[in-house]
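Everything below concerns the one structure shown next.
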Amino acid sequence: MQNILKNNEVGVFALGGLGEVGKNMYVVEYQDEILVIDAGILFPDDSLLGIDYVIPDYTYLYENQDRIKALIITHGHEDHIGGIPYLLRQVKIPKIYASGIAIGLIKNKMDQHKGFRANVLEYQEYEKLVLGKMSVSFFRTNHSIPDSFGVVIHTPQGVIVHTGDFKFDFTPTGPDANYQRIAELGRKGVLLLLSDSTNAELADFTKSEKLVAESIKDIFTKIDGRVIVATFASNVHRVQQIVEASVATGRKIAVYGRSMLKTLDVGGEMGYIRAPGGTFIESHNINKYPKEKMTIICTGSQGEPLAALSRIAAGTHRQIKLMEGDTVIFSSSPIPGNQIGVSRTINMLFRRGANVITNSPLTDTHTSGHGGQEELKLMLKLTKPKYFMPIHGEYRMLKIHSNIGHQTGVRKDRSFVMDNGEVLAVTKSTARFAGKVQAGNVYIDGKGIGDIGSIVIRDRKLLSEDGLLSAIVTIDKKNMRLIGSPVIISRGFIYMREHGALTEEIANLTEREMTKKLKAYKSLNISALKKSLTKTLGDFIRNKTERNPMIMPVVMLVNE
């Protein structure tokens with residue numbers, strides 16, 4: 001980085017979180033020191049077949065790990081802490097600072113990923129951490145998980161504010177945001193603001209959590225049968241609201257889904273999930289209570305195929321079978337890209353006779369943890385930054401947020417819509433695009449890290465759409481001739497019993513192509529044979545079927 005930053009400049013860039021909602025990771029560096037903010041994951045969409053998570057490319061941090069002073073965590077959501085185990089496998093992080101429930105969630109995560117240790121330290125809102133030439137302080141925000149904080153980086157050139165994920169909820173279920181601290185930062189002077197853009201398209205304020213809590217309680221009083229509630233496991237405030245509604249209506253609670261159970265354990269230990277003794281029951285005891293006295297809390301609000309609600313809807317859950325009078329409440333809204341999966345789950349629930357309640361103007365079962373445009377304006381007005389860099393959002397969100405910045409007084413030439421890896425260099429009086437560092441996606445498939453590349457993803461997509469065709473030939477290596485007829489195998493391309501004529505044409509074409517090439521070669525060249533056959537069969541099949549299956553020639557050699 002020294003070759004693109006001047007000695008007095010502070011470099012600010014993202015390794016994840018720009019142009020996407022997820023895998024948040026931001027870097028602030030000055031001279032020989034680096035601070036990292038958050039280490040999240042991105043949940044894959046339908047195009048990333050077989051991929052469990054996406055994490056940032058950590059190459060830059062690996063190459064500069066001796067300069068890293070600390071990793072600062074804003075809050076405990078997976079898109080901010082989920083990458084920590086994978087980061088620690090590759091990069092030496094001397095200290096991880098987090099607060100409140102994020103500490104419990106990180107330690108729980110580290111217990112699942114055995115084999116290495118993390119030095120996790122707790123910060124308090126009133127603290128100022130001196131980490132070399134830079135220091136860090138904090139301010140509380142409102143979000144959909146307790147203990148969410150904005151991060152203030154004090155540099156020799158000025159103050160950089162990273163809002164974390166935030167909304168301005170004037171009737172929150174937890175402590176108020178620290179408005180006085182935010183305003184004080186603005187009064188003293190903010191050099192650069194990095195602000196959450198997730199809800200930049202929402203024209204108003206985000207609904208208050210208290211409104212949702214009241215709505216959920218009201219819905220519970222009108223339901224006679226079992227209540228099944230699906231929500232984000234990490235939304236601790238929402239889980240507590242469901243618990244309170246269940247207690248108020250005399251219901252027992254059973255919990256399903258590994259991530260939901262983890263949230264209950266950590267939230268219960270830290271006092272965020274509170275209920276009278278005996279409220280929670282073992283999952284195998286649900287049939288021992290009258291249906292009007294049961295609440296089931298589960299994962300699957302986003303239509304995830306293996307989550308508890310999806311299995312309930314499909315009738316494959318081992319313990320829960322839908323019965324007449326069941327009501328399923330979606331206490332969430334579909335994340336962009338998940339609408340199809342959510343709709344599929346809702347349709348299956350209706351088919352099995354359940355009543356389904358989703359978030360709507362008439363049934364406030366969910367609100368976002370991210371601020372709408374009016375809240376974004378308020379943050380900009382309170383902090384009054386000299387320079388502005390929207391973060392945490394798809395490109396259109398960042399662009400809209402940038403325009404909001406212009407409306408509230410940030411000059412256009414001082415607002416920077418960046419991509420991952422692009423470095424903003426700032427001083428007290430200047431800001432410029434300084435260049436790029438390596439940034440990109442790393443795919444996690446099972447326990448593998450980085451062993452799945454874009455070519456593998458492309459091949460999986462090809463296989464899922466057009467299937468595979470394999471042509472197996474046996475060659476007499478000594479005499480350079482074919483032995484027997486080629487064997488054709490189709491997987492996901494054609495059903496061979498119903499396409500005998502096409503299969504025979506492919507076999508005959510393979511035999512002709514191999515015979516011609518073997519006669520033309522002076523010595524056997526397996527690579528050239530496969531390449532030639534792949535092109536010949538590919539062209540033929542495309543013309544015949546208008547499809548592009550993956551062609552896989554297999555050459556077996558024998559000496560006769």
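Naming scheme: A, B, ... for chains in displayed order of the structure tokens; residues 1 onward per chain; ligands 1 onward as shown.
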
Near-segment 89-95 of chain A list (10 Å; only C-alpha atoms; drop same-chain fewer than 5 positions) as a list in words: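 The residues satisfying every condition are Val36, Tyr58, Thr59, Tyr60, Leu61, Tyr62, Glu63, Asn64, Gln65, Asp66, Arg67, Ile68, Lys69, Ala70, Leu71, Ile72, Ile84, Gly115, Phe116, Arg117, Ala118, Asn119, Val120, Leu121 and Ile449 of chain A.
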
Output file for the selection above: N, CA and C atoms, as a PDB file, in the first residue's frame:
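The file below, part-v2.pdb, is the result:
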```
ATOM      1  N   VAL A  36      -8.875  -3.359  11.065  1.00  0.00           N
ATOM      2  CA  VAL A  36      -9.894  -4.036  10.270  1.00  0.00           C
ATOM      3  C   VAL A  36     -11.217  -3.932  11.025  1.00  0.00           C
ATOM      4  N   TYR A  58      -8.679 -12.629   1.370  1.00  0.00           N
ATOM      5  CA  TYR A  58      -7.864 -12.072   2.457  1.00  0.00           C
ATOM      6  C   TYR A  58      -6.401 -11.851   2.055  1.00  0.00           C
ATOM      7  N   THR A  59      -6.088 -11.925   0.770  1.00  0.00           N
ATOM      8  CA  THR A  59      -4.696 -11.865   0.330  1.00  0.00           C
ATOM      9  C   THR A  59      -3.987 -10.619   0.850  1.00  0.00           C
ATOM     10  N   TYR A  60      -4.624  -9.460   0.737  1.00  0.00           N
ATOM     11  CA  TYR A  60      -3.964  -8.225   1.173  1.00  0.00           C
ATOM     12  C   TYR A  60      -3.645  -8.282   2.667  1.00  0.00           C
ATOM     13  N   LEU A  61      -4.592  -8.778   3.460  1.00  0.00           N
ATOM     14  CA  LEU A  61      -4.352  -8.860   4.906  1.00  0.00           C
ATOM     15  C   LEU A  61      -3.269  -9.880   5.220  1.00  0.00           C
ATOM     16  N   TYR A  62      -3.254 -10.993   4.476  1.00  0.00           N
ATOM     17  CA  TYR A  62      -2.218 -11.998   4.686  1.00  0.00           C
ATOM     18  C   TYR A  62      -0.834 -11.419   4.408  1.00  0.00           C
ATOM     19  N   GLU A  63      -0.715 -10.665   3.322  1.00  0.00           N
ATOM     20  CA  GLU A  63       0.587 -10.101   2.939  1.00  0.00           C
ATOM     21  C   GLU A  63       1.023  -8.970   3.852  1.00  0.00           C
ATOM     22  N   ASN A  64       0.073  -8.404   4.611  1.00  0.00           N
ATOM     23  CA  ASN A  64       0.392  -7.273   5.494  1.00  0.00           C
ATOM     24  C   ASN A  64       0.020  -7.552   6.944  1.00  0.00           C
ATOM     25  N   GLN A  65       0.003  -8.835   7.316  1.00  0.00           N
ATOM     26  CA  GLN A  65      -0.511  -9.180   8.644  1.00  0.00           C
ATOM     27  C   GLN A  65       0.337  -8.647   9.791  1.00  0.00           C
ATOM     28  N   ASP A  66       1.612  -8.395   9.554  1.00  0.00           N
ATOM     29  CA  ASP A  66       2.450  -7.861  10.622  1.00  0.00           C
ATOM     30  C   ASP A  66       2.082  -6.425  10.981  1.00  0.00           C
ATOM     31  N   ARG A  67       1.311  -5.764  10.126  1.00  0.00           N
ATOM     32  CA  ARG A  67       0.921  -4.369  10.390  1.00  0.00           C
ATOM     33  C   ARG A  67      -0.463  -4.276  11.025  1.00  0.00           C
ATOM     34  N   ILE A  68      -1.183  -5.406  11.119  1.00  0.00           N
ATOM     35  CA  ILE A  68      -2.546  -5.384  11.658  1.00  0.00           C
ATOM     36  C   ILE A  68      -2.511  -5.215  13.173  1.00  0.00           C
ATOM     37  N   LYS A  69      -3.223  -4.210  13.661  1.00  0.00           N
ATOM     38  CA  LYS A  69      -3.283  -3.945  15.099  1.00  0.00           C
ATOM     39  C   LYS A  69      -4.461  -4.644  15.771  1.00  0.00           C
ATOM     40  N   ALA A  70      -5.609  -4.694  15.062  1.00  0.00           N
ATOM     41  CA  ALA A  70      -6.791  -5.294  15.680  1.00  0.00           C
ATOM     42  C   ALA A  70      -7.897  -5.453  14.650  1.00  0.00           C
ATOM     43  N   LEU A  71      -8.837  -6.348  14.977  1.00  0.00           N
ATOM     44  CA  LEU A  71     -10.101  -6.487  14.264  1.00  0.00           C
ATOM     45  C   LEU A  71     -11.185  -5.967  15.194  1.00  0.00           C
ATOM     46  N   ILE A  72     -11.973  -5.000  14.727  1.00  0.00           N
ATOM     47  CA  ILE A  72     -13.041  -4.395  15.526  1.00  0.00           C
ATOM     48  C   ILE A  72     -14.384  -4.894  14.991  1.00  0.00           C
ATOM     49  N   ILE A  84     -14.887 -14.788  10.700  1.00  0.00           N
ATOM     50  CA  ILE A  84     -13.757 -14.762  11.645  1.00  0.00           C
ATOM     51  C   ILE A  84     -12.972 -16.078  11.662  1.00  0.00           C
ATOM     52  N   GLY A 115      -9.248 -25.947  16.836  1.00  0.00           N
ATOM     53  CA  GLY A 115      -7.908 -26.036  16.271  1.00  0.00           C
ATOM     54  C   GLY A 115      -7.113 -24.750  16.321  1.00  0.00           C
ATOM     55  N   PHE A 116      -7.754 -23.630  16.668  1.00  0.00           N
ATOM     56  CA  PHE A 116      -7.008 -22.389  16.796  1.00  0.00           C
ATOM     57  C   PHE A 116      -7.699 -21.498  17.816  1.00  0.00           C
ATOM     58  N   ARG A 117      -6.958 -20.550  18.356  1.00  0.00           N
ATOM     59  CA  ARG A 117      -7.452 -19.688  19.427  1.00  0.00           C
ATOM     60  C   ARG A 117      -7.612 -18.267  18.914  1.00  0.00           C
ATOM     61  N   ALA A 118      -8.509 -17.539  19.530  1.00  0.00           N
ATOM     62  CA  ALA A 118      -8.705 -16.131  19.189  1.00  0.00           C
ATOM     63  C   ALA A 118      -8.629 -15.304  20.467  1.00  0.00           C
ATOM     64  N   ASN A 119      -7.929 -14.198  20.388  1.00  0.00           N
ATOM     65  CA  ASN A 119      -7.809 -13.293  21.527  1.00  0.00           C
ATOM     66  C   ASN A 119      -8.940 -12.273  21.461  1.00  0.00           C
ATOM     67  N   VAL A 120     -10.104 -12.664  22.037  1.00  0.00           N
ATOM     68  CA  VAL A 120     -11.310 -11.831  21.960  1.00  0.00           C
ATOM     69  C   VAL A 120     -11.416 -10.991  23.229  1.00  0.00           C
ATOM     70  N   LEU A 121     -11.452  -9.676  23.054  1.00  0.00           N
ATOM     71  CA  LEU A 121     -11.522  -8.746  24.175  1.00  0.00           C
ATOM     72  C   LEU A 121     -12.794  -7.928  24.073  1.00  0.00           C
ATOM     73  N   ILE A 449     -11.845 -24.188   1.800  1.00  0.00           N
ATOM     74  CA  ILE A 449     -11.734 -22.742   1.703  1.00  0.00           C
ATOM     75  C   ILE A 449     -10.934 -22.402   0.461  1.00  0.00           C
TER      76      ILE A 449
END
```

Which residues are near segment 341-346 of chain A? Cut-off 12 Å, only C-alpha atoms, ignore same chain within fewer than 3 positions. Put them as an MDAnalysis selection string. chainID A and resid 45:46 230 300:315 327:330 332:338 349:358

Preceding selection exported with C-alpha atoms as an mmCIF file, in the first residue's frame:
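Okay, part.cif is ready:
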```cif
data_model
loop_
_atom_site.group_PDB
_atom_site.id
_atom_site.type_symbol
_atom_site.label_atom_id
_atom_site.label_comp_id
_atom_site.auth_asym_id
_atom_site.auth_seq_id
_atom_site.Cartn_x
_atom_site.Cartn_y
_atom_site.Cartn_z
ATOM 1 C CA ASP A 45 -27.743 -16.929 -4.172
ATOM 2 C CA ASP A 46 -29.116 -19.614 -6.486
ATOM 3 C CA ALA A 230 -40.174 -18.289 11.541
ATOM 4 C CA GLY A 300 -36.437 -21.018 7.601
ATOM 5 C CA SER A 301 -37.943 -17.562 7.134
ATOM 6 C CA GLN A 302 -35.959 -17.187 3.887
ATOM 7 C CA GLY A 303 -37.136 -20.458 2.341
ATOM 8 C CA GLU A 304 -33.796 -22.214 2.891
ATOM 9 C CA PRO A 305 -34.303 -25.809 1.647
ATOM 10 C CA LEU A 306 -32.819 -27.536 4.713
ATOM 11 C CA ALA A 307 -34.160 -25.199 7.392
ATOM 12 C CA ALA A 308 -36.800 -26.369 9.861
ATOM 13 C CA LEU A 309 -39.762 -24.508 8.314
ATOM 14 C CA SER A 310 -39.020 -25.787 4.808
ATOM 15 C CA ARG A 311 -38.994 -29.366 6.110
ATOM 16 C CA ILE A 312 -42.239 -28.756 8.022
ATOM 17 C CA ALA A 313 -43.830 -27.382 4.835
ATOM 18 C CA ALA A 314 -42.588 -30.351 2.806
ATOM 19 C CA GLY A 315 -43.843 -32.857 5.402
ATOM 20 C CA THR A 327 -50.891 -20.729 11.983
ATOM 21 C CA VAL A 328 -47.471 -19.955 10.538
ATOM 22 C CA ILE A 329 -46.149 -16.410 11.056
ATOM 23 C CA PHE A 330 -43.271 -15.089 8.959
ATOM 24 C CA SER A 332 -39.282 -11.420 8.483
ATOM 25 C CA SER A 333 -39.250 -10.119 4.946
ATOM 26 C CA PRO A 334 -37.545 -11.908 2.054
ATOM 27 C CA ILE A 335 -33.976 -10.841 1.423
ATOM 28 C CA PRO A 336 -33.548 -9.826 -2.250
ATOM 29 C CA GLY A 337 -32.960 -13.033 -4.199
ATOM 30 C CA ASN A 338 -34.883 -15.232 -1.738
ATOM 31 C CA LEU A 349 -47.756 -24.538 3.899
ATOM 32 C CA PHE A 350 -51.109 -23.575 2.398
ATOM 33 C CA ARG A 351 -51.311 -26.963 0.642
ATOM 34 C CA ARG A 352 -50.952 -28.660 4.028
ATOM 35 C CA GLY A 353 -53.804 -26.652 5.496
ATOM 36 C CA ALA A 354 -51.911 -24.074 7.528
ATOM 37 C CA ASN A 355 -52.917 -20.442 7.903
ATOM 38 C CA VAL A 356 -50.014 -18.182 6.906
ATOM 39 C CA ILE A 357 -49.403 -14.618 8.094
ATOM 40 C CA THR A 358 -46.682 -12.576 6.400
#
```

Using only C-alpha atoms, can you tell me which of A:Arg251, A:Arg396, A:Lys436, A:Lys377 comes closest to Val417 of chain A? A:Arg396

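Atom to atom, atom CA of Ala507 of chain A and atom CA of Lys477 of chain A stand 20.4 Å apart.
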
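With only C-alpha atoms as the atoms that count, the minimum distance from Ser485 of chain A to the choices A:Lys384, A:Arg512, A:Arg238, A:Lys535 is reached by A:Arg512.
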
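As for atom CA of Ser415 of chain A and atom CA of Leu192 of chain A, they are spaced 9.5 Å apart.
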
Taking the DSSP assignment computed from this structure's backbone, write out as a PyMOL selection string all residues of segment 93-232 of chain A that belong to helix (DSSP H, G or I). chain A and resi 101-112+179-188+209-221

Which neighbours of Lys128 of chain A fall inside 7 Å, counting only C-alpha atoms, when residues of the same chain fewer than 3 positions from it are skipped, and could you give them as number ranges by chain? A: 135-137

Which one of A:Met110, A:Met556, A:Val229, A:Ala102 sits closest to Thr263 of chain A if you count only C-alpha atoms? A:Ala102

From A:Leu261, A:Gly440, A:Gln319, A:Arg274, residue lying nearest Ile286 of chain A [only C-alpha atoms]: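 Selected residue with least distance to Ile286 of chain A: A:Gln319.
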
Val236 of chain A: which residues within 8 Å, counting only C-alpha atoms, same-chain residues fewer than 4 positions away excluded, as a list in words?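 Everything that qualifies: Ser144, Ile145, Pro146, Gln240, Thr263, Gly267, Tyr272 and Ile273 of chain A.
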
Where does DSSP see strand (DSSP E or B) in segment 312-440 of chain A, if you list the residues as a list in words? Thr327, Val328, Ile329, Phe330, Asn355, Val356, Ile357, Pro385, Lys386, Tyr387, Phe388, Met389, Pro390, Ile391, Gly393, Ser415, Glu422, Val423, Leu424, Ala425, Val426, Ala431, Arg432, Phe433, Ala434, Gly435 and Lys436 of chain A

For Pro486 of chain A, work out the shell of residues within 8 Å, counting only C-alpha atoms and skipping chain neighbours fewer than 4 positions away, then give it as an MDAnalysis selection string. chainID A and resid 471:474 507:508 510:511

C-alpha atoms of the current selection, written as a PDB file, in the first residue's frame:
```pdb
ATOM      1  CA  ALA A 471     -17.925 -40.388 -24.825  1.00  0.00           C
ATOM      2  CA  ILE A 472     -15.710 -43.309 -23.770  1.00  0.00           C
ATOM      3  CA  VAL A 473     -13.303 -44.734 -26.382  1.00  0.00           C
ATOM      4  CA  THR A 474     -10.709 -47.517 -26.126  1.00  0.00           C
ATOM      5  CA  ALA A 507     -21.464 -42.766 -31.131  1.00  0.00           C
ATOM      6  CA  ASN A 508     -20.938 -42.980 -34.910  1.00  0.00           C
ATOM      7  CA  THR A 510     -17.232 -40.172 -32.178  1.00  0.00           C
ATOM      8  CA  GLU A 511     -15.959 -43.268 -33.988  1.00  0.00           C
TER       9      GLU A 511
END
```

Write out as a VMD selection string which residues come within 10 Å of Val21 of chain A when counting only C-alpha atoms, dropping same-chain ones fewer than 2 positions away. chain A and resid 16 to 19 23 to 24 41 to 43 79 197 to 198 335 to 336 391 to 395 397

Could you save those same residues with C-alpha atoms as an mmCIF file, in the first residue's frame?
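Result file result04.cif:
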```cif
data_model
loop_
_atom_site.group_PDB
_atom_site.id
_atom_site.type_symbol
_atom_site.label_atom_id
_atom_site.label_comp_id
_atom_site.auth_asym_id
_atom_site.auth_seq_id
_atom_site.Cartn_x
_atom_site.Cartn_y
_atom_site.Cartn_z
ATOM 1 C CA GLY A 16 -16.304 -6.887 1.173
ATOM 2 C CA GLY A 17 -19.586 -5.033 1.575
ATOM 3 C CA LEU A 18 -19.561 -2.708 -1.432
ATOM 4 C CA GLY A 19 -21.853 -3.648 -4.319
ATOM 5 C CA LYS A 23 -19.311 -10.198 3.772
ATOM 6 C CA ASN A 24 -18.641 -6.838 5.376
ATOM 7 C CA ILE A 41 -19.773 -13.805 5.202
ATOM 8 C CA LEU A 42 -22.198 -13.571 2.292
ATOM 9 C CA PHE A 43 -24.916 -16.170 1.901
ATOM 10 C CA ASP A 79 -22.470 -10.845 7.720
ATOM 11 C CA SER A 197 -26.797 1.952 2.812
ATOM 12 C CA THR A 198 -28.937 -1.203 3.059
ATOM 13 C CA ILE A 335 -33.976 -10.841 1.423
ATOM 14 C CA PRO A 336 -33.548 -9.826 -2.250
ATOM 15 C CA ILE A 391 -20.974 1.346 2.489
ATOM 16 C CA HIS A 392 -22.903 -1.902 3.041
ATOM 17 C CA GLY A 393 -25.180 -2.146 0.016
ATOM 18 C CA GLU A 394 -25.653 -3.083 -3.592
ATOM 19 C CA TYR A 395 -24.428 -0.499 -6.095
ATOM 20 C CA MET A 397 -28.131 1.557 -2.787
#
```

Contact residues around Ser148 of chain A with only C-alpha atoms at 9 Å, ignoring same-chain residues under 2 positions, as a PyMOL selection string: chain A and resi 74-76+99-100+102+139-146+150+164-166

Counting only C-alpha atoms, figure out which residue out of A:Met389, A:Ala434, A:Val255, A:Leu211 gets nearest to Asp413 of chain A.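 Of all the options, A:Met389 lies closest to Asp413 of chain A.
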
Considering only C-alpha atoms, state which residue in the set A:Phe416, A:Tyr256, A:Tyr86, A:Phe205 is at the smallest distance from Ile228 of chain A. A:Tyr256

State, in Å with one decimal place, the distance from atom CA of Lys399 of chain A to atom CA of Ala200 of chain A.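 According to the coordinates, atom CA of Lys399 of chain A and atom CA of Ala200 of chain A are separated by 8.9 Å.
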